[in-house]
$ cat upload_0.txt   # compact mmCIF, C-alpha atoms
# COMPACT_ATOMS: atom_id res chain seq x y z
CA MET A 1472 -2.55 13.80 -28.81
CA PRO A 1473 -5.62 13.28 -26.63
CA ARG A 1474 -5.46 10.68 -23.90
CA ALA A 1475 -6.67 7.19 -24.67
CA GLN A 1476 -10.11 6.43 -23.20
CA HIS A 1477 -10.37 4.02 -20.28
CA ASP A 1478 -13.12 2.48 -18.20
CA TYR A 1479 -11.69 4.15 -15.10
CA ASP A 1480 -12.17 7.64 -16.58
CA ASP A 1481 -15.76 7.19 -15.41
CA ILE A 1482 -14.77 7.25 -11.72
CA PRO A 1483 -15.56 10.71 -10.38
CA GLY A 1484 -12.95 12.90 -8.73
CA THR A 1485 -10.13 10.54 -9.65
CA PHE A 1486 -7.05 10.80 -11.86
CA VAL A 1487 -5.65 7.33 -12.33
CA PHE A 1488 -1.86 7.35 -12.52
CA ASP A 1489 -1.47 5.04 -15.49
CA ALA A 1490 1.43 4.38 -17.85
CA GLU A 1491 0.48 7.32 -20.06
CA ARG A 1492 0.38 9.76 -17.13
CA SER A 1493 3.57 8.23 -15.81
CA ARG A 1494 5.29 9.20 -19.05
CA GLU A 1495 3.71 12.66 -19.26
CA GLY A 1496 4.35 13.44 -15.63
CA TYR A 1497 7.93 12.22 -15.45
CA GLY A 1498 9.22 15.78 -14.93
CA ILE A 1499 6.72 16.57 -12.17
CA ASN A 1500 7.50 13.40 -10.28
CA MET A 1501 11.26 13.69 -10.60
CA PHE A 1502 11.02 17.29 -9.43
CA CYS A 1503 9.07 16.13 -6.36
CA MET A 1504 11.56 13.34 -5.77
CA SER A 1505 14.39 15.91 -5.74
CA LEU A 1506 12.74 17.56 -2.74
CA MET A 1507 13.80 14.66 -0.55
CA LYS A 1508 17.16 16.41 -0.23
CA GLU A 1509 17.45 19.40 2.09
CA GLU A 1510 19.72 21.39 -0.24
CA ASN A 1511 17.20 21.02 -3.05
CA ARG A 1512 14.33 22.11 -0.84
CA LYS A 1513 16.30 25.25 -0.01
CA ALA A 1514 17.15 25.96 -3.64
CA PHE A 1515 13.53 25.49 -4.66
CA LYS A 1516 12.24 27.78 -1.92
CA ALA A 1517 14.81 30.44 -2.80
CA ASN A 1518 13.59 30.73 -6.39
CA GLU A 1519 10.83 28.35 -7.39
CA ALA A 1520 10.52 29.23 -11.08
CA GLU A 1521 14.27 29.11 -11.58
CA TYR A 1522 14.57 25.75 -9.84
CA LEU A 1523 11.83 24.24 -12.01
CA LYS A 1524 13.90 24.97 -15.13
CA LYS A 1525 16.10 22.04 -14.19
CA PHE A 1526 13.27 19.67 -15.04
CA LYS A 1527 11.47 18.84 -18.26
CA LEU A 1528 8.12 20.43 -17.57
CA THR A 1529 5.46 21.85 -19.87
CA PRO A 1530 4.30 25.39 -19.10
CA GLU A 1531 1.02 23.93 -17.74
CA GLN A 1532 2.92 21.62 -15.42
CA SER A 1533 5.16 24.42 -14.10
CA ASP A 1534 2.14 26.59 -13.60
CA ALA A 1535 0.30 23.90 -11.62
CA ILE A 1536 3.35 23.40 -9.39
CA LEU A 1537 3.84 27.11 -8.75
CA LYS A 1538 0.16 27.54 -7.95
CA ARG A 1539 0.09 24.38 -5.81
CA ASP A 1540 -2.84 23.16 -7.85
CA TYR A 1541 -2.62 19.56 -6.68
CA ASN A 1542 -5.51 18.23 -8.73
CA ARG A 1543 -4.07 19.73 -11.88
CA MET A 1544 -0.69 18.18 -11.09
CA LEU A 1545 -2.39 14.77 -10.86
CA GLU A 1546 -4.21 15.38 -14.12
CA LEU A 1547 -0.93 16.27 -15.84
CA GLY A 1548 0.82 13.13 -14.68
CA GLY A 1549 1.85 13.79 -11.11
CA ASN A 1550 1.44 10.97 -8.64
CA ILE A 1551 0.16 11.57 -5.13
CA TYR A 1552 3.07 9.82 -3.39
CA PHE A 1553 5.39 12.20 -5.21
CA THR A 1554 3.37 15.41 -4.99
CA ALA A 1555 3.00 14.80 -1.25
CA LYS A 1556 6.72 15.57 -1.01
CA LEU A 1557 5.99 19.07 -2.32
CA GLY A 1558 3.34 19.45 0.36
CA ALA A 1559 5.84 18.33 2.99
CA THR A 1560 8.36 20.86 1.66
CA ASP A 1561 5.74 23.57 2.23
CA GLY A 1562 5.34 22.28 5.77
CA HIS A 1563 1.85 20.89 5.28
CA SER A 1564 0.42 17.71 6.71
CA PHE A 1565 -1.04 15.23 4.28
CA GLN A 1566 -4.47 15.97 5.58
CA HIS A 1567 -4.00 19.58 4.52
CA LEU A 1568 -3.35 18.38 0.95
CA ALA A 1569 -6.29 16.02 1.02
CA ALA A 1570 -8.60 18.79 2.17
CA LEU A 1571 -7.22 21.05 -0.56
CA MET A 1572 -7.83 18.46 -3.27
CA THR A 1573 -11.38 17.88 -2.11
CA GLY A 1574 -12.13 21.59 -1.89
CA SER A 1575 -13.00 21.52 1.78
CA SER A 1576 -11.47 23.02 4.89
CA GLN A 1577 -9.08 20.85 6.81
CA GLN A 1578 -11.45 20.88 9.76
CA ASP A 1579 -14.37 19.64 7.66
CA TYR A 1580 -12.20 17.02 6.04
CA ALA A 1581 -10.94 15.76 9.39
CA ALA A 1582 -14.51 15.62 10.69
CA MET A 1583 -15.58 13.60 7.64
CA MET A 1584 -12.80 11.08 8.27
CA LEU A 1585 -13.71 10.78 11.94
CA SER A 1586 -17.28 10.01 11.04
CA GLY A 1587 -16.25 7.13 8.79
CA GLY A 1588 -14.93 8.78 5.65
CA ARG A 1589 -16.52 9.65 2.33
CA SER A 1590 -19.26 7.24 1.38
CA VAL A 1591 -18.99 5.35 -1.89
CA GLU A 1592 -22.72 5.84 -2.41
CA GLY A 1593 -23.18 8.44 -5.12
CA ASN A 1594 -19.45 8.47 -5.77
CA ARG A 1595 -19.03 5.45 -7.99
CA SER A 1596 -19.58 6.74 -11.47
CA LYS A 1597 -19.82 9.94 -13.46
CA SER A 1598 -22.20 8.43 -15.96
CA GLY A 1599 -24.37 6.67 -13.41
CA LYS A 1600 -24.20 3.54 -15.55
CA ASP A 1601 -22.12 1.49 -13.24
CA LYS A 1602 -23.80 0.40 -10.09
CA SER A 1603 -22.06 -1.47 -7.37
CA ALA A 1604 -21.60 -5.09 -8.39
CA LYS A 1605 -24.61 -6.16 -6.35
CA SER A 1606 -26.05 -2.73 -5.96
CA LYS A 1607 -29.71 -2.22 -5.55
CA SER A 1608 -29.40 1.51 -5.65
CA LYS A 1609 -31.90 3.56 -7.54
CA SER A 1610 -30.33 5.78 -10.12
CA LYS A 1611 -30.08 8.97 -8.26
CA SER A 1612 -28.31 11.78 -9.96
CA LYS A 1613 -24.59 11.72 -9.45
CA SER A 1614 -22.53 14.73 -8.68
CA LYS A 1615 -20.54 15.77 -11.68
CA SER A 1616 -17.22 17.13 -10.67
CA SER A 1617 -16.64 16.96 -6.98
CA ALA A 1618 -17.33 13.88 -5.01
CA LYS A 1619 -20.15 13.94 -2.52
CA ARG A 1620 -19.75 13.92 1.19
CA LYS A 1621 -21.28 11.26 3.27
CA MET B 566 1.24 4.61 6.78
CA PRO B 567 3.52 7.45 7.69
CA ALA B 568 1.06 8.79 10.24
CA ILE B 569 1.26 5.51 12.17
CA GLY B 570 5.04 5.63 11.91
CA ALA B 571 5.06 9.21 13.12
CA ALA B 572 2.78 8.34 16.05
CA LEU B 573 5.18 5.51 16.99
CA ASP B 574 8.30 7.59 16.57
CA ASN B 575 6.91 10.56 18.49
CA GLY B 576 5.54 8.55 21.40
CA LYS B 577 1.87 9.23 20.67
CA THR B 578 0.64 5.65 20.85
CA GLN B 579 -1.17 6.26 24.14
CA GLU B 580 -3.16 9.25 22.91
CA PRO B 581 -6.83 8.24 22.62
CA TYR B 582 -6.97 8.64 18.83
CA TRP B 583 -3.96 6.42 18.24
CA LYS B 584 -4.58 4.07 21.15
CA ARG B 585 -7.69 2.83 19.33
CA VAL B 586 -5.45 1.86 16.40
CA PHE B 587 -2.48 0.44 18.28
CA SER B 588 -4.49 -1.55 20.81
CA GLY B 589 -5.82 -3.58 17.89
CA PHE B 590 -2.33 -4.97 17.38
CA GLU B 591 -1.65 -6.16 20.94
CA LYS B 592 -3.02 -9.63 20.22
CA SER B 593 -1.06 -9.73 16.99
CA LYS B 594 2.18 -9.01 18.79
CA GLU B 595 1.41 -11.82 21.25
CA TRP B 596 0.72 -14.16 18.35
CA MET B 597 3.99 -13.19 16.71
CA ALA B 598 5.96 -13.61 19.94
CA LYS B 599 4.55 -17.13 20.28
CA THR B 600 5.07 -18.01 16.63
CA LYS B 601 8.76 -17.01 16.63
CA PRO B 602 9.37 -17.06 12.89
CA ASP B 603 12.87 -17.42 11.47
CA VAL B 604 11.98 -15.36 8.44
CA ALA B 605 9.21 -12.96 7.46
CA VAL B 606 8.44 -12.44 3.78
CA VAL B 607 6.92 -8.96 3.69
CA VAL B 608 4.85 -8.04 0.65
CA TYR B 609 4.60 -4.25 0.55
CA ASN B 610 4.62 -1.21 -1.64
CA ASP B 611 7.44 1.21 -1.99
CA HIS B 612 6.38 4.87 -1.91
CA ALA B 613 8.86 6.52 -4.20
CA SER B 614 11.75 5.56 -1.92
CA ALA B 615 13.66 2.61 -3.40
CA PHE B 616 12.12 3.14 -6.83
CA SER B 617 11.27 6.45 -8.46
CA VAL B 618 9.56 6.72 -11.83
CA ASP B 619 12.85 5.80 -13.52
CA ILE B 620 12.27 2.10 -13.05
CA ILE B 621 8.95 0.55 -12.04
CA PRO B 622 9.28 -3.18 -11.42
CA THR B 623 6.05 -5.10 -10.94
CA PHE B 624 7.53 -7.57 -8.44
CA ALA B 625 10.93 -6.85 -6.85
CA LEU B 626 12.45 -9.31 -4.38
CA GLY B 627 15.01 -8.06 -1.88
CA CYS B 628 17.91 -10.52 -1.89
CA ALA B 629 20.42 -8.41 0.06
CA ALA B 630 21.97 -9.24 3.42
CA GLU B 631 20.48 -6.12 4.95
CA PHE B 632 17.98 -3.36 4.22
CA PRO B 633 18.47 0.05 5.82
CA PRO B 634 15.40 2.20 6.51
CA ALA B 635 14.99 4.86 3.80
CA ASP B 636 15.09 8.62 4.27
CA GLU B 637 11.65 9.64 3.08
CA GLY B 638 12.29 13.32 3.48
CA TRP B 639 12.35 13.59 7.27
CA GLY B 640 15.42 11.42 7.92
CA PRO B 641 15.27 7.60 8.20
CA ARG B 642 12.78 6.21 10.74
CA PRO B 643 14.51 5.28 14.01
CA VAL B 644 14.18 1.53 13.52
CA PRO B 645 16.93 -1.11 13.36
CA VAL B 646 18.41 -2.11 10.02
CA LEU B 647 16.56 -5.16 8.72
CA LYS B 648 18.59 -8.32 8.22
CA GLY B 649 17.82 -10.24 5.06
CA ASP B 650 18.07 -13.92 4.27
CA PRO B 651 20.04 -13.92 1.02
CA GLY B 652 20.08 -17.72 0.79
CA LEU B 653 16.36 -18.20 1.00
CA ALA B 654 15.71 -15.09 -1.11
CA ALA B 655 17.95 -16.35 -3.92
CA HIS B 656 16.23 -19.71 -3.74
CA ILE B 657 12.79 -18.09 -3.95
CA ALA B 658 13.90 -15.93 -6.89
CA GLN B 659 15.26 -18.88 -8.78
CA SER B 660 12.29 -21.07 -8.05
CA VAL B 661 9.56 -18.58 -8.95
CA ILE B 662 11.30 -17.34 -12.10
CA LEU B 663 11.46 -20.91 -13.34
CA ASP B 664 7.78 -21.11 -12.44
CA GLU B 665 7.31 -18.26 -14.95
CA PHE B 666 7.04 -15.28 -12.60
CA ASP B 667 9.44 -12.73 -14.04
CA LEU B 668 10.39 -10.93 -10.90
CA THR B 669 13.17 -8.42 -10.45
CA VAL B 670 16.06 -9.32 -8.15
CA VAL B 671 17.22 -6.41 -5.99
CA ASN B 672 20.60 -6.74 -4.30
CA LYS B 673 20.64 -3.29 -2.77
CA MET B 674 17.60 -1.50 -1.47
CA GLU B 675 16.35 0.75 1.26
CA VAL B 676 12.92 0.09 2.70
CA ASP B 677 10.36 2.72 3.64
CA HIS B 678 7.41 2.95 6.02
CA GLY B 679 5.46 0.54 3.83
CA LEU B 680 7.64 -2.18 5.31
CA THR B 681 8.87 -0.78 8.61
CA VAL B 682 5.46 0.22 9.99
CA PRO B 683 3.98 -3.29 9.64
CA MET B 684 7.15 -4.61 11.31
CA ASN B 685 6.57 -2.30 14.28
CA LEU B 686 2.92 -3.24 14.54
CA LEU B 687 3.75 -6.93 14.78
CA PHE B 688 7.10 -6.91 16.57
CA GLY B 689 6.92 -3.68 18.57
CA THR B 690 10.01 -1.52 18.77
CA PRO B 691 12.88 -3.86 19.68
CA LYS B 692 16.58 -2.94 19.51
CA GLN B 693 17.07 -5.67 16.93
CA TRP B 694 14.38 -7.32 14.82
CA PRO B 695 13.78 -10.86 16.08
CA CYS B 696 13.73 -12.44 12.61
CA ARG B 697 15.17 -12.05 9.15
CA VAL B 698 13.14 -10.30 6.48
CA ILE B 699 12.69 -10.78 2.75
CA PRO B 700 10.98 -7.74 1.23
CA LEU B 701 8.82 -8.21 -1.84
CA ALA B 702 7.97 -4.82 -3.32
CA VAL B 703 4.93 -4.79 -5.59
CA ASN B 704 4.08 -1.94 -7.95
CA VAL B 705 0.73 -0.59 -6.88
CA VAL B 706 1.67 3.03 -7.59
CA MET B 707 1.38 3.03 -11.38
CA TYR B 708 -1.69 1.52 -13.01
CA PRO B 709 -1.95 -1.30 -13.71
CA PRO B 710 -0.63 -3.24 -10.75
CA PRO B 711 -0.52 -7.01 -11.22
CA THR B 712 -3.94 -8.65 -11.19
CA GLY B 713 -5.27 -10.23 -8.03
CA HIS B 714 -5.07 -13.62 -9.72
CA ARG B 715 -1.43 -13.12 -10.64
CA CYS B 716 -0.66 -12.15 -7.06
CA TYR B 717 -2.46 -15.20 -5.71
CA MET B 718 -0.54 -17.51 -8.05
CA LEU B 719 2.76 -15.86 -7.11
CA GLY B 720 1.91 -16.61 -3.48
CA LYS B 721 1.54 -20.27 -4.39
CA ALA B 722 4.89 -20.24 -6.18
CA ILE B 723 6.57 -18.65 -3.14
CA ARG B 724 5.06 -21.34 -0.90
CA LYS B 725 6.47 -24.02 -3.18
CA ALA B 726 9.90 -22.36 -3.08
CA VAL B 727 9.92 -22.13 0.71
CA GLU B 728 8.94 -25.77 1.05
CA SER B 729 11.68 -26.92 -1.30
CA TYR B 730 14.39 -24.95 0.49
CA ARG B 731 17.32 -26.89 1.91
CA GLU B 732 16.82 -25.52 5.42
CA ASP B 733 13.84 -26.19 7.61
CA LEU B 734 12.61 -22.74 8.57
CA LYS B 735 9.54 -21.24 10.08
CA VAL B 736 8.34 -18.61 7.68
CA VAL B 737 5.53 -16.10 8.00
CA ILE B 738 4.28 -13.96 5.17
CA PHE B 739 2.78 -10.49 5.53
CA GLY B 740 0.40 -9.05 2.99
CA THR B 741 0.30 -5.32 3.61
CA GLY B 742 -1.24 -2.24 2.12
CA GLY B 743 -4.52 -0.53 2.35
CA LEU B 744 -8.03 -1.69 2.58
CA SER B 745 -10.39 0.84 1.06
CA HIS B 746 -8.92 4.30 0.76
CA GLN B 747 -8.39 7.11 -1.64
CA ILE B 748 -5.89 9.83 -0.91
CA SER B 749 -5.74 11.59 -4.28
CA GLY B 750 -8.04 13.98 -6.13
CA PRO B 751 -11.46 15.40 -5.30
CA ARG B 752 -12.75 11.98 -4.16
CA ALA B 753 -10.05 11.66 -1.45
CA GLY B 754 -11.27 10.35 1.88
CA LEU B 755 -13.31 7.51 0.42
CA ILE B 756 -13.82 4.57 2.78
CA ASN B 757 -15.98 1.53 2.08
CA SER B 758 -16.28 -0.54 5.23
CA LYS B 759 -18.78 -2.92 3.67
CA TRP B 760 -16.32 -3.75 0.93
CA ASP B 761 -13.51 -4.18 3.44
CA LYS B 762 -15.52 -6.56 5.58
CA SER B 763 -16.49 -8.68 2.62
CA PHE B 764 -12.88 -8.72 1.42
CA LEU B 765 -11.65 -9.93 4.82
CA ASP B 766 -14.41 -12.54 5.00
CA ASN B 767 -13.48 -13.93 1.63
CA LEU B 768 -9.79 -13.78 2.39
CA SER B 769 -10.47 -16.49 4.94
CA LYS B 770 -13.21 -18.43 3.20
CA ASP B 771 -13.18 -17.90 -0.53
CA PRO B 772 -9.99 -16.25 -1.77
CA LYS B 773 -10.55 -17.55 -5.31
CA LYS B 774 -13.56 -15.27 -5.52
CA LEU B 775 -11.29 -12.34 -4.69
CA THR B 776 -8.88 -13.27 -7.46
CA ARG B 777 -11.62 -12.54 -9.98
CA ILE B 778 -12.14 -8.91 -8.91
CA PRO B 779 -11.17 -6.66 -11.83
CA HIS B 780 -9.08 -3.56 -11.17
CA ILE B 781 -11.94 -1.22 -12.05
CA ASP B 782 -13.98 -2.62 -9.14
CA TYR B 783 -11.19 -2.00 -6.64
CA MET B 784 -10.77 1.56 -7.82
CA ARG B 785 -14.46 2.36 -8.03
CA GLU B 786 -15.54 0.67 -4.81
CA ALA B 787 -12.44 0.86 -2.62
CA GLY B 788 -10.75 4.02 -3.91
CA ALA B 789 -7.98 4.73 -6.37
CA GLU B 790 -5.35 3.67 -3.84
CA GLY B 791 -7.49 0.80 -2.51
CA ILE B 792 -6.23 -1.19 -5.47
CA GLU B 793 -3.19 -2.12 -3.40
CA MET B 794 -5.36 -4.73 -1.70
CA VAL B 795 -4.15 -7.10 -4.44
CA MET B 796 -1.01 -7.49 -2.33
CA TRP B 797 -2.99 -9.35 0.34
CA LEU B 798 -3.63 -12.06 -2.23
CA ILE B 799 0.07 -12.92 -2.48
CA MET B 800 -0.02 -13.72 1.22
CA ARG B 801 -3.24 -15.68 0.79
CA GLY B 802 -1.88 -17.69 -2.11
CA ALA B 803 1.04 -18.81 0.03
CA LEU B 804 -1.34 -20.48 2.50
CA ASP B 805 -3.38 -23.64 2.30
CA ASP B 806 -6.79 -23.45 0.64
CA LYS B 807 -8.32 -24.02 4.06
CA VAL B 808 -7.18 -21.73 6.81
CA ASP B 809 -8.20 -20.78 10.32
CA GLU B 810 -8.83 -17.15 11.02
CA VAL B 811 -7.02 -16.54 14.29
CA TYR B 812 -7.64 -12.85 14.71
CA ARG B 813 -9.19 -9.85 13.04
CA PHE B 814 -9.24 -6.14 13.76
CA TYR B 815 -10.76 -3.22 11.86
CA THR B 816 -11.13 0.44 12.64
CA VAL B 817 -11.84 3.76 10.90
CA PRO B 818 -10.09 6.11 10.63
CA ALA B 819 -6.38 6.17 11.07
CA SER B 820 -5.56 9.51 9.56
CA ASN B 821 -7.00 9.23 6.02
CA THR B 822 -7.81 5.55 5.82
CA ALA B 823 -9.28 2.47 7.43
CA VAL B 824 -6.98 0.02 9.19
CA GLY B 825 -7.61 -3.67 9.12
CA HIS B 826 -5.64 -6.65 10.19
CA ILE B 827 -6.19 -10.39 9.99
CA ILE B 828 -4.14 -13.40 11.06
CA LEU B 829 -4.61 -16.66 9.19
CA GLU B 830 -2.99 -20.00 9.90
CA ASN B 831 -2.86 -23.15 7.89
CA ARG B 832 -5.08 -25.81 9.39
CA ARG B 833 -2.98 -28.22 11.37
CA LYS B 834 -2.36 -31.38 9.44
CA ALA B 835 -3.79 -34.54 10.97
CA ALA B 836 -1.10 -36.38 12.89
CA GLY B 837 0.87 -38.83 10.82
CA ARG B 838 -0.06 -37.25 7.55
CA SER B 839 2.41 -35.57 5.36
CA LYS B 840 5.48 -36.82 7.15
CA ARG B 841 7.81 -35.32 4.66
CA ILE B 842 6.96 -31.80 5.62
CA PRO B 843 8.00 -31.09 9.19
CA ALA B 844 5.41 -29.16 11.10
CA ALA B 845 7.74 -26.29 11.66
CA ARG B 846 7.97 -25.71 7.99
CA THR B 847 4.29 -25.51 7.51
CA LYS B 848 3.87 -21.91 6.82
CA GLN B 849 1.88 -19.70 8.99
CA ALA B 850 0.90 -16.39 7.80
CA ALA B 851 0.20 -13.12 9.22
CA ALA B 852 -1.79 -11.09 6.95
CA ARG B 853 -1.44 -7.68 7.78
CA LYS B 854 -2.43 -4.28 8.12
CA ALA B 855 -4.28 -1.99 6.08
CA ALA B 856 -4.88 1.12 4.79
CA HIS B 857 -2.47 3.55 4.55
CA ARG B 858 -0.70 6.33 3.72
CA ILE B 859 0.86 9.55 3.81
CA ALA B 860 -0.10 12.11 6.37
CA SER B 861 3.22 13.62 6.99
CA LYS B 862 5.05 14.14 10.16
CA GLY B 863 4.88 17.85 9.46
$ encode --input "upload_0.txt" --output "structure tokens"
Amino acid sequence: MPRAQHDYDDIPGTFVFDAERSREGYGINMFCMSLMKEENRKAFKANEAEYLKKFKLTPEQSDAILKRDYNRMLELGGNIYFTAKLGATDGHSFQHLAALMTGSSQQDYAAMMLSGGRSVEGNRSKSGKDKSAKSKSKSKSKSKSSAKRK
Amino acid sequence: MPAIGAALDNGKTQEPYWKRVFSGFEKSKEWMAKTKPDVAVVVYNDHASAFSVDIIPTFALGCAAEFPPADEGWGPRPVPVLKGDPGLAAHIAQSVILDEFDLTVVNKMEVDHGLTVPMNLLFGTPKQWPCRVIPLAVNVVMYPPPTGHRCYMLGKAIRKAVESYREDLKVVIFGTGGLSHQISGPRAGLINSKWDKSFLDNLSKDPKKLTRIPHIDYMREAGAEGIEMVMWLIMRGALDDKVDEVYRFYTVPASNTAVGHIILENRRKAAGRSKRIPAARTKQAAARKAAHRIASKG
């Protein structure tokens, strides 16, 4: 069944963790939660595919986990606070994950944050319909998939 | 956010990057030391520590006698166990449920950095916490969180409960959570300082305006995770309509987010007025901290 449509689907570069994703992604998130225990982290690292069999995951979900495709995990119902535990298990900082999700190098990402973060300008809407509440902005073309840098 | 916790726990607070963040809380610690609350009600979000995706309560009030720090994957943070106030917590639960807020009572819970980091920022790193704590965990992980208006009204109900309690206590309330930030997906790294400033301005002057902000605006303008700003409105609802802004601090970035902090106090009542409410019970509130999140210790 296709996902229900929502107003927030129009926000670019964003997968909102709603009740539907929460249900779909239950397996992903419980898997991530299990990584809070050292013995589970070891078992997972020893044989990732085998360990994943303990959880109710679709083939797409397992694939996204094995490939560390963090955006895909979010799309399939993972939540960032949970998937971050997988990143920690791999020994990565959160900034590493953030850079990965945004498709930039960690250095570039860190530099963007230091210079004030990603601007909301040009990053509000996929359709370009929704301006800032009091926005005066001219309708410049919005980036389609990835969010623009400042 | 964990990065702030990690900086505290690993003695990095004097490094230039973190000093900029921590120095903003010096005044706040002084204010807290002078205020000497008996109890702090801390509104915060749990990050998959006390609650997983098995059970997702919208409002969960910690009524236990103590709350140990949670192991978030790197061992529990080295902070003292938090002492609760089961009497006041039970009274608040009873009072607000009868006021039609269907909150969840939690008699056993561990608390994560969402609660312990704000405690450090306002109380430092003492051997024992100087006051009792009542945690109020709000779901801002799964959409939809409660509306800003609902949060504001819950704040009012909590205020009413505190004022009708049998003991005369000095209570502060923390609203915590991020200002603008997004830490998930291709749009991660979003910061909207203009939005944050306007939110803080209205928090002092026109909170009712903030209660009308729909969720889509938070997510679009302040980032997918920026929606947790609704938690600040619980704190604001617990205060008088008119407040004095005692202190404000804002900086970008701390790891992946902005950090903001504001202290509001109820205006002092004119002498002789309102004799039935002792001054000490008049709630003062620390609003608190901002922006957030993750950034592991790794």
$ residues_around --input "upload_0.txt" --residues "region 1511-1523 of chain A" --least-positions-apart "3" --cutoff "12 Å" --atoms "all atoms listed in the file" --output "MDAnalysis selection string"
(chainID A and resid 1498:1508 1526:1530 1532:1539 1556:1562) or (chainID B and resid 638:639)
$ residues_around --input "upload_0.txt" --residues "Thr776 (chain B)" --least-positions-apart "4" --cutoff "7 Å" --atoms "only C-alpha atoms" --output "list in words"
Gly713, His714, Tyr717 and Pro772 of chain B
$ closest_residue --input "upload_0.txt" --among "A:Gly1587, A:Pro1473, A:Gly1549, A:Gly1599" --to "chain B" --atoms "only C-alpha atoms"
A:Gly1587
$ residues_around --input "upload_0.txt" --residues "region 791-803 of chain B" --least-positions-apart "3" --cutoff "9 Å" --atoms "all atoms listed in the file" --output "tab-separated table (two decimals) with C-alpha atoms, in the coordinates of the input"
chain	number	residue	atom	x	y	z
B	606	VAL	CA	8.44	-12.44	3.78
B	607	VAL	CA	6.92	-8.96	3.69
B	608	VAL	CA	4.85	-8.04	0.65
B	609	TYR	CA	4.60	-4.25	0.55
B	610	ASN	CA	4.62	-1.21	-1.64
B	703	VAL	CA	4.93	-4.79	-5.59
B	704	ASN	CA	4.08	-1.94	-7.95
B	705	VAL	CA	0.73	-0.59	-6.88
B	706	VAL	CA	1.67	3.03	-7.59
B	710	PRO	CA	-0.63	-3.24	-10.75
B	711	PRO	CA	-0.52	-7.01	-11.22
B	712	THR	CA	-3.94	-8.65	-11.19
B	713	GLY	CA	-5.27	-10.23	-8.03
B	714	HIS	CA	-5.07	-13.62	-9.72
B	715	ARG	CA	-1.43	-13.12	-10.64
B	716	CYS	CA	-0.66	-12.15	-7.06
B	717	TYR	CA	-2.46	-15.20	-5.71
B	718	MET	CA	-0.54	-17.51	-8.05
B	719	LEU	CA	2.76	-15.86	-7.11
B	720	GLY	CA	1.91	-16.61	-3.48
B	721	LYS	CA	1.54	-20.27	-4.39
B	722	ALA	CA	4.89	-20.24	-6.18
B	723	ILE	CA	6.57	-18.65	-3.14
B	724	ARG	CA	5.06	-21.34	-0.90
B	725	LYS	CA	6.47	-24.02	-3.18
B	738	ILE	CA	4.28	-13.96	5.17
B	739	PHE	CA	2.78	-10.49	5.53
B	740	GLY	CA	0.40	-9.05	2.99
B	741	THR	CA	0.30	-5.32	3.61
B	742	GLY	CA	-1.24	-2.24	2.12
B	743	GLY	CA	-4.52	-0.53	2.35
B	744	LEU	CA	-8.03	-1.69	2.58
B	745	SER	CA	-10.39	0.84	1.06
B	746	HIS	CA	-8.92	4.30	0.76
B	747	GLN	CA	-8.39	7.11	-1.64
B	768	LEU	CA	-9.79	-13.78	2.39
B	769	SER	CA	-10.47	-16.49	4.94
B	772	PRO	CA	-9.99	-16.25	-1.77
B	775	LEU	CA	-11.29	-12.34	-4.69
B	776	THR	CA	-8.88	-13.27	-7.46
B	780	HIS	CA	-9.08	-3.56	-11.17
B	781	ILE	CA	-11.94	-1.22	-12.05
B	782	ASP	CA	-13.98	-2.62	-9.14
B	783	TYR	CA	-11.19	-2.00	-6.64
B	784	MET	CA	-10.77	1.56	-7.82
B	786	GLU	CA	-15.54	0.67	-4.81
B	787	ALA	CA	-12.44	0.86	-2.62
B	788	GLY	CA	-10.75	4.02	-3.91
B	806	ASP	CA	-6.79	-23.45	0.64
B	829	LEU	CA	-4.61	-16.66	9.19
B	848	LYS	CA	3.87	-21.91	6.82
B	850	ALA	CA	0.90	-16.39	7.80
B	851	ALA	CA	0.20	-13.12	9.22
B	852	ALA	CA	-1.79	-11.09	6.95
B	853	ARG	CA	-1.44	-7.68	7.78
B	855	ALA	CA	-4.28	-1.99	6.08
B	856	ALA	CA	-4.88	1.12	4.79
$ interface_residues --input "upload_0.txt" --of "chain B" --to "chain A" --cutoff "8 Å" --atoms "only C-alpha atoms" --output "VMD selection string"
chain B and resid 612 to 613 617 to 618 636 to 638 706 to 709 748 to 757 781 784 to 787 789 817 to 818 820 to 822 859 to 863
$ atom_distance --input "upload_0.txt" --atom1 "CA of Ala726 (chain B)" --atom2 "CA of Ile621 (chain B)"
24.6 Å
